[in-house]
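Following: one structure in structure tokens, then a few remarks.
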Amino acid sequence: MSGAKNAALPILFSTLLGGKLEIGNVPALRDIRTALSLLGHLGIHAISLPGGNAPSVALDPVVESPDVWTGHFRFSEVDESSYEAPYDLVRTMRASILCLGPLLARRKRARVSLPGGCLIGARPVDMHLNAFVRMGANISIDHGYIDANTNGLVGCDIHLPYPTVTGTENILMAAVLAQGTTCIFNAAQEPEVTDLALSLKARGARIDGIGTSSIRIEGVSALSAGTHKVMWDRIEAGTFLLAGALLGEPLTVHGFDSDLLVSLMVALSEMGASFESHGHSVTVRRISSPRGTTIRTEPYPGFPTDMQAQILPLMAIANGSSTVVETVFENRFTHVMEMNRMGARIDIHGSRAFVRGGSVLEGASVMASDLRASAGLVLAGLVANGETVIQRVYHIDRGYERIERKLESLGARIKRVREEAVT
Ligand code: EPZ
């Protein structure tokens with residue numbers, strides 16, 4: 001597996017808090033390149049270091065030195081005068097909202113384009129902004145930008161109405177340099193939040209309750225130098241685990257921490273999967289006669305919403321029906337229509353998907369819509385009869401490092417073709 005996109009992104013933005021960070025296992029992904037560009041725009045310099053363990057892929061000009069991606073970087077702040085995250089960068093990646101907290105905390109000023117909604121939902125950031133106002137920020141919205149400034153953030157108690165992942169990360173980063181103590185209640189407990197907190201502690205931040213729903217931060221005047229290795233991507237691992245449950249002869253996933261995907265493994269066990277875990281690897285064999293099951297997506301440690309699209313193809317071919325309740329996002333079933341075009345029989349009623357099972361999937365030309373939906377379509381294509389052509393695969397490249405090469409190495413017949421060759 002590669003490093004986790006949703007851990008690497010907040011950690012990269014945390015370099016706006018100052019201090020020096022050396023980081024390893026950063027995945028070579030589209031969103032990471034976007035974040036590096038935005039950080040360059042904000043005066044944070046990233047030097048690619050030799051060594052590292054990520055495979056080599058072409059590097060963007062934004063990052064200096066060798067032309068291979070080592071996943072190993074050293075960050076330093078060369079200019080702290082800028083504070084604006086421009087629309088043309090933010091619009092391609094909602095996670096850019098994660099520069100708001102660090103900019104406010106250290107540069108006391110931030111102007112960040114309001115992230116629009118996306119296909120899976122409106123995805124407001126009200127909880128982020130309300131927390132910063134409570135910490136002493138003045139915030140206004142004008143011409144689609146969040147305009148924020150402060151004389152200095154002050155720690156306080158923050159009760160989150162919902163355990164928002166990037167909301168928790170944004171507040172955590174701001175609290176690190178705030179004056180006094182901040183307690184975040186109903187904080188997100190996702191492992192990626194924990195990875196960010198550990199990277200901050202490595203630079204001298206004072207944080208207690210890491211990995212729990214109550215995080216306590218004692219503000220410090222400045223961060224020091226530190227190093228961190230990004231955790232493995234548990235969603236990528238879960239995606240390959242499902243490929244194994246569908247077609248494993250058997251399949252072993254390396255760079256997999258089974259403690260971080262218990263809810264997925266329980267669901268797959270209910271469907272008939274059996275696993276062999278050894279160290280940071282897990283082996284899974286194709287389920288010969290999968291059973292249906294019911295899942296509800298929930299904040300960690302519940303079933304991850306980011307794994308919902310990927311489990312549907314297995315449910316579609318299972319003996320018996322399944323139900324998926326999507327509780328995190330309001331519109332995260334766009335991939336269902338495409339899977340139904342491949343022969344799945346899934347009915348959507350509000351936040352529920354009813355899967356009839358017993359289908360034989362047929363290859364088709366389908367459209368990727370969001371990052372995880374695309375991964376679900378790849379899995380459907382692998383198990384379908386005939387050829388499947390997935391368009392707009394740039395969605396996949398946002399979160400999966402060269403997925404076609406990893407799958408090819410497992411015997412899949414998959415290749416990337418140019419968009420025009422398809423049309
Ligand atoms: C993070 O998004 C992830 N992105 C998402 O992964 C993931 O699906 C999601 O968490 C849930 O696990 C990153 O970490 C970069 P939320 P985030 O704030 O933080 C509502 C991927 O594929 N909400 O936990 O945006 C929101 O509308 C992406 O890598 C508010 O109402 O998710 C949603 O319904 C997709 N107000 C729910 O909370 C707020 O201020 C959960 O959102 C914040 C959130």
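Labels for the structure tokens follow display order: chains A, B, ..., residues from 1 in each chain, ligands from 1.
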
All strand (DSSP E or B) residues (DSSP, backbone) inside segment 153-323 of chain A, as a count of residues only: 45

Protein and nucleic acid residues within 6 Å of ligand 1 (only C-alpha atoms and all ligand atoms) as a PDB file with N, CA, C and O atoms, in the first residue's frame:
ATOM      1  N   ASN A   6      -5.369  10.953   3.151  1.00  0.00           N
ATOM      2  CA  ASN A   6      -6.099  11.789   4.112  1.00  0.00           C
ATOM      3  C   ASN A   6      -5.369  11.995   5.427  1.00  0.00           C
ATOM      4  O   ASN A   6      -5.872  12.690   6.310  1.00  0.00           O
ATOM      5  N   ALA A  95      -9.873  19.781   0.357  1.00  0.00           N
ATOM      6  CA  ALA A  95      -9.040  19.665   1.576  1.00  0.00           C
ATOM      7  C   ALA A  95      -8.173  20.897   1.786  1.00  0.00           C
ATOM      8  O   ALA A  95      -7.564  21.059   2.832  1.00  0.00           O
ATOM      9  N   ALA A 122     -23.240  18.711   0.058  1.00  0.00           N
ATOM     10  CA  ALA A 122     -23.002  20.163   0.164  1.00  0.00           C
ATOM     11  C   ALA A 122     -21.669  20.434   0.863  1.00  0.00           C
ATOM     12  O   ALA A 122     -20.936  21.352   0.533  1.00  0.00           O
ATOM     13  N   ARG A 123     -21.357  19.618   1.836  1.00  0.00           N
ATOM     14  CA  ARG A 123     -20.072  19.645   2.552  1.00  0.00           C
ATOM     15  C   ARG A 123     -19.722  21.050   3.059  1.00  0.00           C
ATOM     16  O   ARG A 123     -18.713  21.635   2.709  1.00  0.00           O
ATOM     17  N   PRO A 124     -20.589  21.601   3.862  1.00  0.00           N
ATOM     18  CA  PRO A 124     -20.292  22.924   4.436  1.00  0.00           C
ATOM     19  C   PRO A 124     -19.109  22.863   5.400  1.00  0.00           C
ATOM     20  O   PRO A 124     -18.682  21.772   5.781  1.00  0.00           O
ATOM     21  N   VAL A 125     -18.599  24.012   5.760  1.00  0.00           N
ATOM     22  CA  VAL A 125     -17.479  24.062   6.715  1.00  0.00           C
ATOM     23  C   VAL A 125     -17.872  24.918   7.923  1.00  0.00           C
ATOM     24  O   VAL A 125     -17.000  25.492   8.596  1.00  0.00           O
ATOM     25  N   ASP A 126     -19.177  24.999   8.199  1.00  0.00           N
ATOM     26  CA  ASP A 126     -19.668  25.844   9.300  1.00  0.00           C
ATOM     27  C   ASP A 126     -19.034  25.473  10.639  1.00  0.00           C
ATOM     28  O   ASP A 126     -18.710  26.342  11.456  1.00  0.00           O
ATOM     29  N   MET A 127     -18.802  24.180  10.855  1.00  0.00           N
ATOM     30  CA  MET A 127     -18.240  23.775  12.153  1.00  0.00           C
ATOM     31  C   MET A 127     -16.796  24.249  12.302  1.00  0.00           C
ATOM     32  O   MET A 127     -16.359  24.621  13.393  1.00  0.00           O
ATOM     33  N   HIS A 128     -16.073  24.264  11.192  1.00  0.00           N
ATOM     34  CA  HIS A 128     -14.704  24.801  11.238  1.00  0.00           C
ATOM     35  C   HIS A 128     -14.773  26.290  11.647  1.00  0.00           C
ATOM     36  O   HIS A 128     -14.106  26.731  12.573  1.00  0.00           O
ATOM     37  N   THR A 164     -16.611  15.906  12.716  1.00  0.00           N
ATOM     38  CA  THR A 164     -16.080  16.212  11.391  1.00  0.00           C
ATOM     39  C   THR A 164     -14.575  15.958  11.355  1.00  0.00           C
ATOM     40  O   THR A 164     -13.836  16.409  12.238  1.00  0.00           O
ATOM     41  N   VAL A 165     -14.134  15.239  10.304  1.00  0.00           N
ATOM     42  CA  VAL A 165     -12.713  14.842  10.220  1.00  0.00           C
ATOM     43  C   VAL A 165     -11.821  16.059   9.974  1.00  0.00           C
ATOM     44  O   VAL A 165     -10.968  16.397  10.807  1.00  0.00           O
ATOM     45  N   THR A 166     -12.031  16.754   8.863  1.00  0.00           N
ATOM     46  CA  THR A 166     -11.144  17.915   8.600  1.00  0.00           C
ATOM     47  C   THR A 166     -11.454  19.056   9.562  1.00  0.00           C
ATOM     48  O   THR A 166     -10.583  19.869   9.867  1.00  0.00           O
ATOM     49  N   GLY A 167     -12.684  19.088  10.086  1.00  0.00           N
ATOM     50  CA  GLY A 167     -12.989  20.111  11.096  1.00  0.00           C
ATOM     51  C   GLY A 167     -12.140  19.898  12.332  1.00  0.00           C
ATOM     52  O   GLY A 167     -11.504  20.826  12.852  1.00  0.00           O
ATOM     53  N   THR A 305     -17.444   5.473   5.294  1.00  0.00           N
ATOM     54  CA  THR A 305     -18.188   5.884   4.106  1.00  0.00           C
ATOM     55  C   THR A 305     -17.308   5.753   2.862  1.00  0.00           C
ATOM     56  O   THR A 305     -17.804   5.485   1.769  1.00  0.00           O
ATOM     57  N   ASP A 306     -15.992   5.891   3.030  1.00  0.00           N
ATOM     58  CA  ASP A 306     -15.087   5.812   1.882  1.00  0.00           C
ATOM     59  C   ASP A 306     -14.933   4.390   1.353  1.00  0.00           C
ATOM     60  O   ASP A 306     -14.258   4.172   0.355  1.00  0.00           O
ATOM     61  N   VAL A 328     -23.257   9.374   6.447  1.00  0.00           N
ATOM     62  CA  VAL A 328     -22.293  10.477   6.547  1.00  0.00           C
ATOM     63  C   VAL A 328     -22.558  11.565   5.516  1.00  0.00           C
ATOM     64  O   VAL A 328     -22.589  12.754   5.829  1.00  0.00           O
ATOM     65  N   PHE A 329     -22.764  11.170   4.256  1.00  0.00           N
ATOM     66  CA  PHE A 329     -23.019  12.149   3.194  1.00  0.00           C
ATOM     67  C   PHE A 329     -24.408  11.962   2.622  1.00  0.00           C
ATOM     68  O   PHE A 329     -24.947  10.843   2.615  1.00  0.00           O
ATOM     69  N   LEU A 371     -13.917   9.993  -6.214  1.00  0.00           N
ATOM     70  CA  LEU A 371     -12.742   9.153  -5.991  1.00  0.00           C
ATOM     71  C   LEU A 371     -13.088   7.723  -5.607  1.00  0.00           C
ATOM     72  O   LEU A 371     -12.665   6.756  -6.230  1.00  0.00           O
ATOM     73  N   ARG A 372     -13.938   7.557  -4.637  1.00  0.00           N
ATOM     74  CA  ARG A 372     -14.202   6.205  -4.136  1.00  0.00           C
ATOM     75  C   ARG A 372     -15.207   5.480  -5.035  1.00  0.00           C
ATOM     76  O   ARG A 372     -15.152   4.266  -5.202  1.00  0.00           O
TER      77      ARG A 372
END

Set out as JSON lines a contact list for segment 170-249 of chain A and segment 105-109 of chain A with a cut-off of 9 Å, giving each residue of segment 170-249 of chain A that qualifies its closest atom pair and distance in Å to one decimal, counting only C-alpha atoms, ordered by chain and rising residue number.
{"residue": "A:Met173", "atom": "CA", "partner": "A:Ala105", "partner_atom": "CA", "distance": 7.9}
{"residue": "A:Ala174", "atom": "CA", "partner": "A:Ala105", "partner_atom": "CA", "distance": 5.0}
{"residue": "A:Ala175", "atom": "CA", "partner": "A:Ala105", "partner_atom": "CA", "distance": 7.5}
{"residue": "A:Val176", "atom": "CA", "partner": "A:Ala105", "partner_atom": "CA", "distance": 8.0}
{"residue": "A:Leu177", "atom": "CA", "partner": "A:Ala105", "partner_atom": "CA", "distance": 5.9}
{"residue": "A:Ala178", "atom": "CA", "partner": "A:Ala105", "partner_atom": "CA", "distance": 6.4}
{"residue": "A:Ala222", "atom": "CA", "partner": "A:Arg106", "partner_atom": "CA", "distance": 8.8}

Write a file of the selected residues as a short mmCIF file (atom, residue, chain, number, x, y, z; two decimals), in the first residue's frame, keeping N, CA, C and O atoms.
data_model
loop_
_atom_site.label_atom_id
_atom_site.label_comp_id
_atom_site.auth_asym_id
_atom_site.auth_seq_id
_atom_site.Cartn_x
_atom_site.Cartn_y
_atom_site.Cartn_z
N MET A 173 -4.97 21.89 14.61
CA MET A 173 -3.78 22.64 14.16
C MET A 173 -3.81 24.07 14.70
O MET A 173 -2.80 24.58 15.18
N ALA A 174 -4.98 24.70 14.68
CA ALA A 174 -5.06 26.08 15.18
C ALA A 174 -4.75 26.11 16.68
O ALA A 174 -4.04 27.00 17.17
N ALA A 175 -5.23 25.09 17.41
CA ALA A 175 -5.06 25.09 18.87
C ALA A 175 -3.61 24.92 19.29
O ALA A 175 -3.20 25.36 20.37
N VAL A 176 -2.81 24.30 18.43
CA VAL A 176 -1.41 24.01 18.77
C VAL A 176 -0.65 25.30 19.11
O VAL A 176 0.21 25.32 19.98
N LEU A 177 -0.99 26.40 18.43
CA LEU A 177 -0.29 27.68 18.67
C LEU A 177 -1.19 28.70 19.37
O LEU A 177 -0.80 29.85 19.55
N ALA A 178 -2.40 28.27 19.76
CA ALA A 178 -3.30 29.22 20.43
C ALA A 178 -2.81 29.45 21.86
O ALA A 178 -2.07 28.64 22.41
N ALA A 222 5.81 28.13 19.73
CA ALA A 222 6.32 27.80 18.38
C ALA A 222 6.57 26.30 18.30
O ALA A 222 6.81 25.64 19.32
#

Backbone DSSP call of helix (DSSP H, G or I) for segment 61-227 of chain A, listed as a PyMOL selection string: chain A and resi 87-90+94-107+126-134+165-176+191-201

Would you mind telling me which residue in A:Ser221, A:Thr182, A:Asn25, A:Ser2 lies nearest to His254 of chain A when using only C-alpha atoms? A:Ser2

Hey, which bits of segment 349-374 of chain A sit within 12 Å of segment 285-299 of chain A, and for each residue what's the closest pair of atoms and how far apart in Å (one decimal), counting only C-alpha atoms, rows by chain and increasing number, as a tab-separated table?
residue	atom	partner	partner_atom	distance
A:Ser351	CA	A:Arg296	CA	9.8
A:Arg352	CA	A:Arg296	CA	9.0
A:Ala353	CA	A:Thr294	CA	9.9
A:Phe354	CA	A:Thr294	CA	9.3
A:Val355	CA	A:Gly292	CA	8.5
A:Arg356	CA	A:Gly292	CA	8.8
A:Gly357	CA	A:Gly292	CA	7.2
A:Gly358	CA	A:Gly292	CA	9.6
A:Ser359	CA	A:Pro290	CA	12.0

Excluding Asp397 of chain A and residues on its chain fewer than 3 positions from it, collect all residues at most 10 Å away from it, counting only C-alpha atoms, and give them as JSON, numbers by chain. {"A": [28, 29, 30, 31, 371, 374, 392, 393, 394, 400, 401, 402, 403]}

Find the residues around Ile120 of chain A up to 8 Å (only C-alpha atoms counted), leave out those fewer than 6 positions away in its own chain, and share them as a list of chain:residue names.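 Result of the neighbour search: A:Phe329, A:Glu330, A:Asn331, A:Arg332, A:Phe333, A:Thr334, A:Asp370.
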
Could the residues of segment 310-344 of chain A that have an atom at most 8 Å from segment 223-242 of chain A be listed as JSON lines, each with its closest atom pair and the distance in Å to one decimal, counting only C-alpha atoms and ordered by chain and ascending residue number?
{"residue": "A:Gln310", "atom": "CA", "partner": "A:Thr239", "partner_atom": "CA", "distance": 6.3}
{"residue": "A:Ile311", "atom": "CA", "partner": "A:Leu242", "partner_atom": "CA", "distance": 6.8}
{"residue": "A:Leu314", "atom": "CA", "partner": "A:Leu242", "partner_atom": "CA", "distance": 7.8}

Using only C-alpha atoms, which protein or nucleic acid residues come within 10 Å of Thr212 of chain A? Drop anything in the same chain fewer than 3 positions from it, and give the result as a PyMOL selection string. chain A and resi 185-190+193-194+208-209+215
